[in-house]
$ cat data15.txt   # compact mmCIF, C-alpha atoms and all ligand atoms
# COMPACT_ATOMS: atom_id res chain seq x y z
CA MET A 42 144.57 -206.83 -8.10
CA LYS A 43 144.46 -203.06 -7.60
CA PRO A 44 140.87 -201.79 -7.33
CA GLU A 45 139.61 -199.08 -9.63
CA TYR A 46 138.70 -195.86 -7.83
CA VAL A 47 135.89 -193.80 -9.35
CA GLU A 48 135.15 -190.29 -8.10
CA ILE A 49 131.49 -189.36 -8.26
CA THR A 50 129.26 -186.68 -6.76
CA CYS A 51 126.11 -187.30 -4.74
CA LYS A 52 122.86 -185.39 -4.40
CA SER A 53 122.06 -186.58 -0.87
CA ALA A 54 124.09 -187.91 2.03
CA VAL A 55 121.67 -189.13 4.70
CA ASN A 56 119.23 -191.88 3.73
CA ARG A 57 115.96 -192.68 5.45
CA VAL A 58 115.78 -196.40 6.24
CA TYR A 59 112.36 -198.01 6.39
CA GLY A 60 111.25 -201.22 8.08
CA MET A 61 114.09 -201.45 10.61
CA PRO A 62 113.06 -200.31 14.07
CA TYR A 63 116.62 -199.65 15.29
CA LEU A 64 117.90 -197.97 12.15
CA LYS A 65 116.22 -194.83 10.90
CA TRP A 66 118.98 -192.83 9.18
CA SER A 67 122.15 -194.01 7.49
CA LEU A 68 125.05 -192.52 5.62
CA ASN A 69 127.70 -194.06 3.35
CA PRO A 70 130.46 -191.87 1.89
CA TYR A 71 131.65 -194.69 -0.39
CA GLY A 72 129.94 -197.14 -2.73
CA GLY A 73 131.24 -200.69 -3.08
CA CYS A 74 133.85 -202.21 -0.81
CA VAL A 75 137.34 -203.47 -1.45
CA HIS A 76 137.28 -205.77 1.57
CA ARG A 77 135.63 -208.38 -0.65
CA CYS A 78 133.90 -210.45 2.03
CA ARG A 79 132.48 -213.53 0.39
CA PHE A 80 129.05 -213.06 1.97
CA CYS A 81 128.77 -209.31 1.48
CA PHE A 82 125.23 -207.92 1.48
CA ALA A 83 126.47 -204.79 -0.37
CA VAL A 84 126.65 -206.75 -3.62
CA GLN A 85 122.95 -206.14 -4.16
CA TYR A 86 123.35 -202.33 -4.03
CA ARG A 87 126.09 -202.39 -6.66
CA VAL A 88 124.23 -204.71 -9.01
CA VAL A 89 120.91 -202.86 -8.63
CA ALA A 90 122.64 -199.51 -9.20
CA ASP A 91 124.23 -200.97 -12.32
CA GLN A 92 127.68 -200.26 -10.91
CA GLY A 93 129.04 -203.79 -11.14
CA THR A 94 128.31 -207.48 -11.14
CA GLN A 95 128.67 -210.29 -8.62
CA GLN A 96 131.84 -211.33 -10.43
CA ASP A 97 133.64 -207.99 -10.20
CA PHE A 98 132.47 -207.08 -6.70
CA GLY A 99 135.33 -205.55 -4.71
CA THR A 100 137.29 -204.37 -7.72
CA ARG A 101 135.68 -200.92 -8.03
CA LEU A 102 135.08 -198.30 -5.37
CA PHE A 103 132.93 -195.19 -5.78
CA ILE A 104 134.03 -192.14 -3.84
CA LYS A 105 131.41 -189.46 -3.24
CA THR A 106 133.79 -186.52 -3.29
CA ASN A 107 131.21 -183.85 -2.32
CA PHE A 108 129.77 -185.99 0.48
CA VAL A 109 130.81 -183.75 3.38
CA GLU A 110 129.42 -180.57 1.76
CA VAL A 111 126.09 -182.26 1.08
CA LEU A 112 125.95 -183.64 4.61
CA ALA A 113 126.68 -180.20 6.07
CA ARG A 114 123.59 -178.84 4.27
CA GLU A 115 121.39 -181.72 5.31
CA LEU A 116 122.35 -181.63 8.98
CA ARG A 117 121.06 -178.06 9.22
CA ARG A 118 117.54 -179.35 8.54
CA PRO A 119 115.35 -179.49 11.65
CA GLY A 120 114.25 -183.06 10.80
CA LEU A 121 117.73 -184.44 11.50
CA GLN A 122 118.42 -182.60 14.73
CA GLY A 123 119.11 -185.04 17.56
CA GLU A 124 118.49 -188.03 15.26
CA ARG A 125 120.68 -191.12 15.58
CA ILE A 126 122.57 -191.67 12.34
CA THR A 127 124.27 -194.95 11.46
CA VAL A 128 127.50 -194.72 9.50
CA GLY A 129 128.48 -197.57 7.17
CA THR A 130 125.33 -199.58 6.52
CA ALA A 131 125.97 -200.29 2.84
CA THR A 132 129.75 -200.43 2.82
CA ASP A 133 132.67 -200.12 5.19
CA PRO A 134 133.34 -196.44 5.99
CA TYR A 135 137.02 -197.17 6.76
CA GLN A 136 138.41 -198.56 3.52
CA PRO A 137 142.01 -197.80 2.60
CA VAL A 138 141.10 -194.70 0.52
CA GLU A 139 139.55 -193.11 3.60
CA GLY A 140 143.14 -192.44 4.66
CA HIS A 141 143.34 -190.03 1.71
CA TYR A 142 139.80 -188.67 1.25
CA LYS A 143 138.80 -188.48 4.94
CA LEU A 144 135.09 -188.42 4.06
CA THR A 145 134.16 -190.50 7.09
CA ARG A 146 136.20 -188.28 9.37
CA GLY A 147 134.62 -185.18 7.80
CA SER A 148 131.17 -186.68 8.39
CA LEU A 149 131.96 -187.45 12.03
CA GLU A 150 133.18 -183.89 12.56
CA LEU A 151 129.84 -182.59 11.32
CA LEU A 152 127.89 -185.07 13.43
CA ARG A 153 129.87 -183.91 16.46
CA GLU A 154 129.15 -180.28 15.62
CA HIS A 155 125.43 -181.06 15.53
CA ALA A 156 125.58 -183.42 18.53
CA ASN A 157 123.87 -186.25 16.66
CA PRO A 158 124.05 -189.65 18.38
CA ILE A 159 125.75 -192.13 16.09
CA ALA A 160 126.25 -195.82 15.45
CA LEU A 161 129.00 -197.09 13.16
CA LEU A 162 129.84 -200.47 11.64
CA THR A 163 133.29 -201.42 10.45
CA LYS A 164 135.80 -204.20 9.96
CA SER A 165 138.74 -201.84 9.83
CA PRO A 166 141.27 -200.87 12.49
CA MET A 167 141.65 -197.50 10.70
CA ILE A 168 138.85 -196.24 12.92
CA VAL A 169 141.41 -195.80 15.69
CA ARG A 170 142.47 -192.59 13.90
CA ASP A 171 139.08 -191.08 14.83
CA GLY A 172 139.04 -192.22 18.45
CA ASP A 173 139.18 -188.58 19.64
CA LEU A 174 136.10 -187.62 17.65
CA LEU A 175 134.14 -190.70 18.62
CA ALA A 176 134.95 -190.13 22.28
CA GLU A 177 133.71 -186.57 22.03
CA ILE A 178 130.48 -187.64 20.32
CA ALA A 179 130.08 -190.26 23.07
CA ARG A 180 130.36 -187.50 25.67
CA ILE A 181 127.95 -185.02 24.10
CA ALA A 182 125.44 -187.47 22.54
CA SER A 183 126.25 -191.17 22.18
CA ALA A 184 128.53 -193.28 20.01
CA GLU A 185 128.14 -197.00 19.46
CA VAL A 186 130.71 -198.78 17.32
CA PHE A 187 130.12 -202.32 16.10
CA PHE A 188 133.18 -204.25 15.00
CA SER A 189 132.06 -206.86 12.56
CA ILE A 190 133.85 -210.13 13.36
CA THR A 191 132.75 -213.28 11.60
CA THR A 192 135.38 -215.62 13.02
CA VAL A 193 138.61 -215.56 15.01
CA ASP A 194 139.90 -218.65 13.22
CA LEU A 195 142.72 -217.10 11.21
CA ASP A 196 142.62 -219.60 8.34
CA LEU A 197 138.90 -219.26 7.97
CA TRP A 198 139.06 -215.46 8.27
CA HIS A 199 141.33 -215.28 5.26
CA THR A 200 139.00 -217.46 3.20
CA LEU A 201 135.86 -215.54 4.16
CA GLU A 202 137.13 -211.96 4.22
CA PRO A 203 140.24 -211.77 2.06
CA GLY A 204 140.52 -207.97 2.07
CA THR A 205 139.99 -207.26 5.77
CA ALA A 206 142.41 -206.78 8.65
CA ASN A 207 143.16 -209.62 11.04
CA PRO A 208 140.24 -209.89 13.49
CA TYR A 209 142.60 -209.56 16.46
CA LYS A 210 143.72 -206.16 15.14
CA ARG A 211 140.07 -205.12 15.12
CA LEU A 212 139.65 -206.40 18.67
CA GLU A 213 142.68 -204.43 19.86
CA VAL A 214 141.25 -201.25 18.35
CA MET A 215 137.87 -202.00 19.88
CA ARG A 216 139.52 -202.18 23.29
CA ALA A 217 141.35 -198.90 22.67
CA LEU A 218 138.03 -197.18 21.82
CA ARG A 219 136.41 -198.67 24.91
CA ARG A 220 139.14 -197.15 27.00
CA GLN A 221 138.42 -193.78 25.39
CA GLY A 222 134.80 -194.00 26.52
CA VAL A 223 133.17 -195.24 23.31
CA THR A 224 130.55 -198.00 23.48
CA ALA A 225 132.35 -200.44 21.22
CA GLY A 226 131.36 -204.06 20.76
CA VAL A 227 131.46 -207.10 18.52
CA MET A 228 128.87 -207.95 15.93
CA MET A 229 129.09 -211.49 14.60
CA ALA A 230 127.09 -210.97 11.47
CA PRO A 231 126.34 -212.86 9.49
CA ILE A 232 126.68 -216.27 11.09
CA LEU A 233 127.26 -218.66 8.21
CA PRO A 234 125.38 -221.96 8.34
CA GLY A 235 127.68 -224.97 8.42
CA ILE A 236 130.77 -222.72 8.60
CA THR A 237 130.63 -220.44 11.63
CA ASP A 238 127.42 -221.50 13.37
CA SER A 239 128.83 -224.25 15.62
CA GLU A 240 128.80 -223.81 19.39
CA ALA A 241 132.63 -223.81 19.32
CA SER A 242 132.92 -221.16 16.61
CA ILE A 243 130.45 -218.77 18.24
CA GLU A 244 132.00 -219.40 21.62
CA ARG A 245 135.47 -218.45 20.37
CA VAL A 246 134.18 -215.12 19.13
CA ALA A 247 132.32 -214.54 22.41
CA ALA A 248 135.44 -215.35 24.45
CA ALA A 249 137.55 -212.97 22.33
CA ALA A 250 134.88 -210.26 22.70
CA ARG A 251 134.98 -210.65 26.47
CA ASP A 252 138.79 -210.76 26.64
CA PHE A 253 139.06 -207.57 24.59
CA GLU A 254 136.47 -205.78 26.75
CA ALA A 255 133.58 -205.54 24.27
CA ALA A 256 130.64 -203.56 25.59
CA THR A 257 128.19 -205.55 23.50
CA LEU A 258 128.01 -208.79 21.56
CA SER A 259 125.39 -209.16 18.89
CA MET A 260 124.84 -211.68 16.15
CA ALA A 261 122.63 -212.20 13.11
CA PRO A 262 121.97 -215.17 10.85
CA LEU A 263 122.89 -215.10 7.19
CA ARG A 264 120.41 -213.44 4.87
CA LEU A 265 120.75 -214.04 1.17
CA ALA A 266 119.06 -211.19 -0.65
CA PRO A 267 118.73 -211.35 -4.43
CA HIS A 268 122.16 -210.98 -6.10
CA VAL A 269 123.87 -211.74 -2.77
CA LYS A 270 122.59 -215.29 -3.02
CA GLU A 271 124.23 -215.94 -6.39
CA PHE A 272 127.43 -214.28 -5.19
CA TYR A 273 127.62 -216.28 -1.94
CA LEU A 274 126.51 -219.60 -3.37
CA GLY A 275 129.19 -219.27 -6.04
CA PHE A 276 131.72 -219.09 -3.23
CA ILE A 277 130.11 -222.05 -1.43
CA GLY A 278 130.20 -224.07 -4.64
CA ASP A 279 133.93 -223.35 -5.00
CA GLU A 280 135.05 -223.74 -1.41
CA TYR A 281 132.40 -225.90 0.30
CA PRO A 282 130.75 -227.93 -2.48
CA ASP A 283 129.33 -230.45 0.03
CA LEU A 284 127.31 -227.68 1.63
CA LEU A 285 125.87 -226.33 -1.61
CA PRO A 286 122.83 -228.63 -1.94
CA ARG A 287 121.87 -227.96 1.67
CA TYR A 288 122.03 -224.20 1.13
CA GLN A 289 120.00 -224.49 -2.04
CA ARG A 290 117.28 -226.38 -0.20
CA ALA A 291 117.34 -224.24 2.94
CA TYR A 292 117.31 -220.87 1.18
CA PRO A 293 114.49 -220.88 -1.35
CA GLY A 294 114.07 -217.21 -0.45
CA SER A 295 116.30 -214.80 1.42
CA TYR A 296 116.00 -216.13 4.95
CA ALA A 297 117.14 -219.33 6.64
CA PRO A 298 114.32 -221.65 7.76
CA PRO A 299 112.47 -220.43 10.89
CA ASP A 300 113.39 -223.50 12.96
CA TYR A 301 117.06 -222.95 12.17
CA ARG A 302 116.85 -219.28 13.14
CA GLU A 303 115.10 -220.19 16.38
CA LYS A 304 117.73 -222.76 17.35
CA LEU A 305 120.54 -220.42 16.41
CA HIS A 306 118.99 -217.66 18.49
CA GLU A 307 118.79 -219.97 21.52
CA ARG A 308 122.41 -221.00 21.04
CA VAL A 309 123.54 -217.40 20.75
CA GLU A 310 121.61 -216.34 23.84
CA ARG A 311 123.12 -219.20 25.88
CA ILE A 312 126.62 -218.24 24.81
CA ARG A 313 126.05 -214.53 25.37
CA ALA A 314 124.91 -215.25 28.92
CA ARG A 315 127.88 -217.56 29.52
CA TYR A 316 130.34 -214.84 28.50
CA GLY A 317 128.77 -212.02 30.44
CA PHE A 318 126.74 -210.45 27.63
CA GLY A 319 123.39 -211.48 29.08
CA GLY A 320 120.66 -209.01 29.92
CA PRO A 321 118.03 -208.06 27.44
CA PRO A 322 117.82 -210.58 24.63
CA GLU A 323 119.31 -209.53 21.37
CA ARG A 324 117.21 -207.31 19.19
CA ARG A 325 115.61 -209.59 16.71
CA GLN A 326 113.80 -208.53 13.67
CA ARG A 327 111.02 -210.62 12.34
CA PRO A 328 111.82 -211.23 8.67
CA PRO A 329 109.13 -210.02 6.33
CA LYS A 330 106.90 -212.69 4.88
CA GLU A 331 108.35 -214.13 1.71
CA PRO A 332 106.23 -215.57 -1.03
CA ALA A 333 105.92 -219.33 -0.68
CA ILE A 334 108.44 -221.00 -2.93
CA PRO A 335 107.93 -224.68 -3.63
CA ARG A 336 110.82 -226.73 -2.29
CA ARG A 337 112.18 -229.57 -4.28
CA GLY A 338 112.68 -232.70 -2.22
CA PRO A 339 112.64 -232.91 1.56
CA GLN A 340 113.99 -229.90 3.42
CA LEU A 341 117.18 -230.78 5.24
CA ALA A 342 118.00 -229.11 8.50
CA LEU A 343 121.17 -227.08 8.35
CA PRO A 344 123.84 -228.42 10.67
CA LEU A 345 123.13 -227.19 14.17
S1 LIG A 401 133.56 -205.02 5.02
FE1 LIG A 401 131.33 -205.04 5.01
S2 LIG A 401 130.76 -203.90 3.18
FE2 LIG A 401 132.92 -204.45 2.96
S3 LIG A 401 132.94 -206.38 1.79
FE3 LIG A 401 132.94 -206.89 3.98
S4 LIG A 401 130.77 -207.17 4.53
FE4 LIG A 401 130.87 -206.05 2.58
$ encode --input "data15.txt" --output "structure tokens"
Amino acid sequence: MKPEYVEITCKSAVNRVYGMPYLKWSLNPYGGCVHRCRFCFAVQYRVVADQGTQQDFGTRLFIKTNFVEVLARELRRPGLQGERITVGTATDPYQPVEGHYKLTRGSLELLREHANPIALLTKSPMIVRDGDLLAEIARIASAEVFFSITTVDLDLWHTLEPGTANPYKRLEVMRALRRQGVTAGVMMAPILPGITDSEASIERVAAAARDFEAATLSMAPLRLAPHVKEFYLGFIGDEYPDLLPRYQRAYPGSYAPPDYREKLHERVERIRARYGFGGPPERRQRPPKEPAIPRRGPQLALPL
């Protein structure tokens, strides 16, 4: 099904992010995402902004046509000078329409002009087009690119992320950026309980990251924010009905149980060390306290 493209204008380009120590400023030239990952956190932004529902997620993309002009104004402010800005926190900045609108490229050109350090998250090989710019930003400030890779199992990839490029294409582009001097790595986020959290599944991603010369390997457990939970559990009910009751018990709120997160963290750290990504432990954020929600029946451990 062809997505609907909606041109809009924006009042601001750079957003202040609160409560995340490693992420202070973000920018997103697009709203929504046609990659349609079945676990996508961006669902909540669309539903809260009244721009769609869980059911039609991925069918409508908002294009902020004046984004580059607004960003140009904002980057002249003293408060943003030298600040690290993360591109693509609420949606993928390299969706197919970027080939036409070039809003992400325009943003990177401005960030280069102002010598802002950047981080960028994507699942798209289209980023290779901007390798020259990223390499220049890496030289004058710093550029970290995180390639989001959930799995390298090609059957599973298609089920989980139906609109994305083959993960090996992403890995090839990651290697090309590395060779241009960009700090590019793999981010396995989110790790999906009972689907991609096994030792073997994580290990395959780690081995691919090493083979394709990733500078970093990071991972994060699944978080099911409001709206995302209904969206994701609908998918689990359709594709993995046996797992559904376990998810319902384990996720009364947004976060997986603490003992699960702890065990997963230990597993990830072991694998990272085994594949040469040791060193400082992964940045972990303590989830905020959630209100106690009574659990029905005994809590089952997720498969670990
Ligand atoms: S690429 Fe990222 S933003 Fe787009 S659907 Fe997938 S998880 Fe969501």
$ residues_near_ligand --input "data15.txt" --ligand "ligand LIG 401 (chain A)" --cutoff "8 Å" --atoms "all atoms listed in the file" --output "PyMOL selection string"
chain A and resi 73-84+99+129-133+163-165+189+202+204-205
$ residues_around --input "data15.txt" --residues "A:Pro231" --least-positions-apart "3" --cutoff "9 Å" --atoms "only C-alpha atoms" --output "MDAnalysis selection string"
chainID A and resid 80 189:191 228 237 260:264
$ atom_distance --input "data15.txt" --atom1 "atom CA of A:Glu254" --atom2 "atom CA of A:Met229"
15.3 Å
$ atom_distance --input "data15.txt" --atom1 "atom CA of A:Ile104" --atom2 "atom CA of A:Gly226"
27.5 Å
$ residues_around --input "data15.txt" --residues "A:Val55" --least-positions-apart "5" --cutoff "10 Å" --atoms "all atoms listed in the file" --output "list of chain:residue names"
A:Trp66, A:Ser67, A:Leu68, A:Asn69, A:Pro70, A:Phe108, A:Val111, A:Leu112, A:Glu115, A:Leu116, A:Leu121, A:Ile126, A:Thr127, A:Val128
$ write_last_selection --input "data15.txt" --atoms "C-alpha atoms" --output "tab-separated table (two decimals), in the frame of the given file"
chain	number	residue	atom	x	y	z
A	66	TRP	CA	118.98	-192.83	9.18
A	67	SER	CA	122.15	-194.01	7.49
A	68	LEU	CA	125.05	-192.52	5.62
A	69	ASN	CA	127.70	-194.06	3.35
A	70	PRO	CA	130.46	-191.87	1.89
A	108	PHE	CA	129.77	-185.99	0.48
A	111	VAL	CA	126.09	-182.26	1.08
A	112	LEU	CA	125.95	-183.64	4.61
A	115	GLU	CA	121.39	-181.72	5.31
A	116	LEU	CA	122.35	-181.63	8.98
A	121	LEU	CA	117.73	-184.44	11.50
A	126	ILE	CA	122.57	-191.67	12.34
A	127	THR	CA	124.27	-194.95	11.46
A	128	VAL	CA	127.50	-194.72	9.50
$ residues_around --input "data15.txt" --residues "stretch 90-96 of chain A" --least-positions-apart "6" --cutoff "8 Å" --atoms "all atoms listed in the file" --output "list in words"
Val84, His268, Val269, Glu271 and Phe272 of chain A
$ atom_distance --input "data15.txt" --atom1 "atom CA of A:Ile243" --atom2 "atom CA of A:Phe187"
16.6 Å
$ residues_near_point --input "data15.txt" --point "(120.0, -197.5, 13.3)" --cutoff "12 Å" --atoms "only C-alpha atoms" --output "PDB file with C-alpha atoms, in the coordinates of the input"
ATOM      1  CA  ASN A  56     119.230-191.880   3.730  1.00  0.00           C
ATOM      2  CA  ARG A  57     115.960-192.680   5.450  1.00  0.00           C
ATOM      3  CA  VAL A  58     115.780-196.400   6.240  1.00  0.00           C
ATOM      4  CA  TYR A  59     112.360-198.010   6.390  1.00  0.00           C
ATOM      5  CA  GLY A  60     111.250-201.220   8.080  1.00  0.00           C
ATOM      6  CA  MET A  61     114.090-201.450  10.610  1.00  0.00           C
ATOM      7  CA  PRO A  62     113.060-200.310  14.070  1.00  0.00           C
ATOM      8  CA  TYR A  63     116.620-199.650  15.290  1.00  0.00           C
ATOM      9  CA  LEU A  64     117.900-197.970  12.150  1.00  0.00           C
ATOM     10  CA  LYS A  65     116.220-194.830  10.900  1.00  0.00           C
ATOM     11  CA  TRP A  66     118.980-192.830   9.180  1.00  0.00           C
ATOM     12  CA  SER A  67     122.150-194.010   7.490  1.00  0.00           C
ATOM     13  CA  LEU A  68     125.050-192.520   5.620  1.00  0.00           C
ATOM     14  CA  GLU A 124     118.490-188.030  15.260  1.00  0.00           C
ATOM     15  CA  ARG A 125     120.680-191.120  15.580  1.00  0.00           C
ATOM     16  CA  ILE A 126     122.570-191.670  12.340  1.00  0.00           C
ATOM     17  CA  THR A 127     124.270-194.950  11.460  1.00  0.00           C
ATOM     18  CA  VAL A 128     127.500-194.720   9.500  1.00  0.00           C
ATOM     19  CA  GLY A 129     128.480-197.570   7.170  1.00  0.00           C
ATOM     20  CA  THR A 130     125.330-199.580   6.520  1.00  0.00           C
ATOM     21  CA  PRO A 158     124.050-189.650  18.380  1.00  0.00           C
ATOM     22  CA  ILE A 159     125.750-192.130  16.090  1.00  0.00           C
ATOM     23  CA  ALA A 160     126.250-195.820  15.450  1.00  0.00           C
ATOM     24  CA  LEU A 161     129.000-197.090  13.160  1.00  0.00           C
ATOM     25  CA  LEU A 162     129.840-200.470  11.640  1.00  0.00           C
ATOM     26  CA  ALA A 184     128.530-193.280  20.010  1.00  0.00           C
ATOM     27  CA  GLU A 185     128.140-197.000  19.460  1.00  0.00           C
ATOM     28  CA  VAL A 186     130.710-198.780  17.320  1.00  0.00           C
ATOM     29  CA  PHE A 187     130.120-202.320  16.100  1.00  0.00           C
ATOM     30  CA  ARG A 324     117.210-207.310  19.190  1.00  0.00           C
TER      31      ARG A 324
END
$ residues_around --input "data15.txt" --residues "A:Pro44" --least-positions-apart "2" --cutoff "7 Å" --atoms "all atoms listed in the file" --output "number ranges by chain"
A: 42, 46, 100-101
$ write_last_selection --input "data15.txt" --atoms "C-alpha atoms" --output "PDB file, in the coordinates of the input"
ATOM      1  CA  MET A  42     144.570-206.830  -8.100  1.00  0.00           C
ATOM      2  CA  TYR A  46     138.700-195.860  -7.830  1.00  0.00           C
ATOM      3  CA  THR A 100     137.290-204.370  -7.720  1.00  0.00           C
ATOM      4  CA  ARG A 101     135.680-200.920  -8.030  1.00  0.00           C
TER       5      ARG A 101
END
$ residues_around --input "data15.txt" --residues "stretch 213-216 of chain A" --least-positions-apart "2" --cutoff "9 Å" --atoms "only C-alpha atoms" --output "list in words"
Ser165, Pro166, Met167, Ile168, Val169, Val186, Phe187, Phe188, Pro208, Tyr209, Lys210, Arg211, Leu218, Arg219, Arg220, Gln221, Val223, Ala225, Gly226, Val227, Phe253, Glu254 and Ala255 of chain A
$ write_last_selection --input "data15.txt" --atoms "C-alpha atoms" --output "CSV table (one decimal), in the frame of the given file"
chain,number,residue,atom,x,y,z
A,165,SER,CA,138.7,-201.8,9.8
A,166,PRO,CA,141.3,-200.9,12.5
A,167,MET,CA,141.6,-197.5,10.7
A,168,ILE,CA,138.8,-196.2,12.9
A,169,VAL,CA,141.4,-195.8,15.7
A,186,VAL,CA,130.7,-198.8,17.3
A,187,PHE,CA,130.1,-202.3,16.1
A,188,PHE,CA,133.2,-204.2,15.0
A,208,PRO,CA,140.2,-209.9,13.5
A,209,TYR,CA,142.6,-209.6,16.5
A,210,LYS,CA,143.7,-206.2,15.1
A,211,ARG,CA,140.1,-205.1,15.1
A,218,LEU,CA,138.0,-197.2,21.8
A,219,ARG,CA,136.4,-198.7,24.9
A,220,ARG,CA,139.1,-197.2,27.0
A,221,GLN,CA,138.4,-193.8,25.4
A,223,VAL,CA,133.2,-195.2,23.3
A,225,ALA,CA,132.4,-200.4,21.2
A,226,GLY,CA,131.4,-204.1,20.8
A,227,VAL,CA,131.5,-207.1,18.5
A,253,PHE,CA,139.1,-207.6,24.6
A,254,GLU,CA,136.5,-205.8,26.8
A,255,ALA,CA,133.6,-205.5,24.3
$ closest_residue --input "data15.txt" --among "A:Gly72, A:Pro203, A:Gly123, A:Pro234" --to "A:Ala297" --atoms "only C-alpha atoms"
A:Pro234
$ closest_residue --input "data15.txt" --among "A:Glu45, A:Glu244, A:Asp194, A:Glu139" --to "A:Ala314" --atoms "all atoms listed in the file"
A:Glu244
$ closest_residue --input "data15.txt" --among "A:Phe98, A:Tyr142, A:Tyr301, A:Tyr273" --to "A:Gln289" --atoms "only C-alpha atoms"
A:Tyr273
$ closest_residue --input "data15.txt" --among "A:Ile236, A:Lys52, A:Arg117, A:Glu150" --to "A:Trp198" --atoms "all atoms listed in the file"
A:Ile236
$ axis_aligned_box --input "data15.txt" --around "stretch 68-79 of chain A" --padding-each-side "5 Å" --output "lines of an AutoDock Vina configuration file"
center_x = 131.2
center_y = -202.7
center_z = 1.3
size_x = 22.3
size_y = 31.7
size_z = 18.7
$ closest_residue --input "data15.txt" --among "A:Glu154, A:Gly140, A:Pro299, A:Ala247" --to "A:Gln122" --atoms "all atoms listed in the file"
A:Glu154
$ build_atoms --input "data15.txt" --residues "stretch 227-243 of chain A" --atoms "N, CA and C atoms" --output "mmCIF file, in the frame of the given file"
data_model
loop_
_atom_site.group_PDB
_atom_site.id
_atom_site.type_symbol
_atom_site.label_atom_id
_atom_site.label_comp_id
_atom_site.auth_asym_id
_atom_site.auth_seq_id
_atom_site.Cartn_x
_atom_site.Cartn_y
_atom_site.Cartn_z
ATOM 1 N N VAL A 227 131.254 -206.155 19.624
ATOM 2 C CA VAL A 227 131.460 -207.100 18.520
ATOM 3 C C VAL A 227 130.107 -207.476 17.932
ATOM 4 N N MET A 228 130.071 -207.480 16.616
ATOM 5 C CA MET A 228 128.870 -207.950 15.930
ATOM 6 C C MET A 228 129.289 -209.137 15.061
ATOM 7 N N MET A 229 128.761 -210.299 15.385
ATOM 8 C CA MET A 229 129.090 -211.490 14.600
ATOM 9 C C MET A 229 127.968 -211.641 13.575
ATOM 10 N N ALA A 230 128.165 -210.982 12.467
ATOM 11 C CA ALA A 230 127.090 -210.970 11.470
ATOM 12 C C ALA A 230 127.694 -210.899 10.075
ATOM 13 N N PRO A 231 127.314 -211.806 9.229
ATOM 14 C CA PRO A 231 126.340 -212.860 9.490
ATOM 15 C C PRO A 231 127.026 -214.136 10.024
ATOM 16 N N ILE A 232 126.219 -214.930 10.715
ATOM 17 C CA ILE A 232 126.680 -216.270 11.090
ATOM 18 C C ILE A 232 126.387 -217.178 9.893
ATOM 19 N N LEU A 233 127.396 -217.886 9.456
ATOM 20 C CA LEU A 233 127.260 -218.660 8.210
ATOM 21 C C LEU A 233 126.935 -220.123 8.509
ATOM 22 N N PRO A 234 125.778 -220.573 8.068
ATOM 23 C CA PRO A 234 125.380 -221.960 8.340
ATOM 24 C C PRO A 234 126.425 -222.967 7.877
ATOM 25 N N GLY A 235 126.743 -223.894 8.762
ATOM 26 C CA GLY A 235 127.680 -224.970 8.420
ATOM 27 C C GLY A 235 129.128 -224.517 8.424
ATOM 28 N N ILE A 236 129.391 -223.228 8.636
ATOM 29 C CA ILE A 236 130.770 -222.720 8.600
ATOM 30 C C ILE A 236 131.137 -222.054 9.922
ATOM 31 N N THR A 237 130.291 -221.126 10.368
ATOM 32 C CA THR A 237 130.630 -220.440 11.630
ATOM 33 C C THR A 237 129.512 -220.549 12.668
ATOM 34 N N ASP A 238 128.563 -221.455 12.454
ATOM 35 C CA ASP A 238 127.420 -221.500 13.370
ATOM 36 C C ASP A 238 127.563 -222.545 14.475
ATOM 37 N N SER A 239 128.696 -223.222 14.570
ATOM 38 C CA SER A 239 128.830 -224.250 15.620
ATOM 39 C C SER A 239 128.979 -223.560 16.970
ATOM 40 N N GLU A 240 128.644 -224.309 18.012
ATOM 41 C CA GLU A 240 128.800 -223.810 19.390
ATOM 42 C C GLU A 240 130.249 -223.315 19.575
ATOM 43 N N ALA A 241 131.215 -224.133 19.099
ATOM 44 C CA ALA A 241 132.630 -223.810 19.320
ATOM 45 C C ALA A 241 133.020 -222.516 18.608
ATOM 46 N N SER A 242 132.540 -222.339 17.383
ATOM 47 C CA SER A 242 132.920 -221.160 16.610
ATOM 48 C C SER A 242 132.343 -219.879 17.243
ATOM 49 N N ILE A 243 131.081 -219.942 17.627
ATOM 50 C CA ILE A 243 130.450 -218.770 18.240
ATOM 51 C C ILE A 243 131.103 -218.475 19.592
#
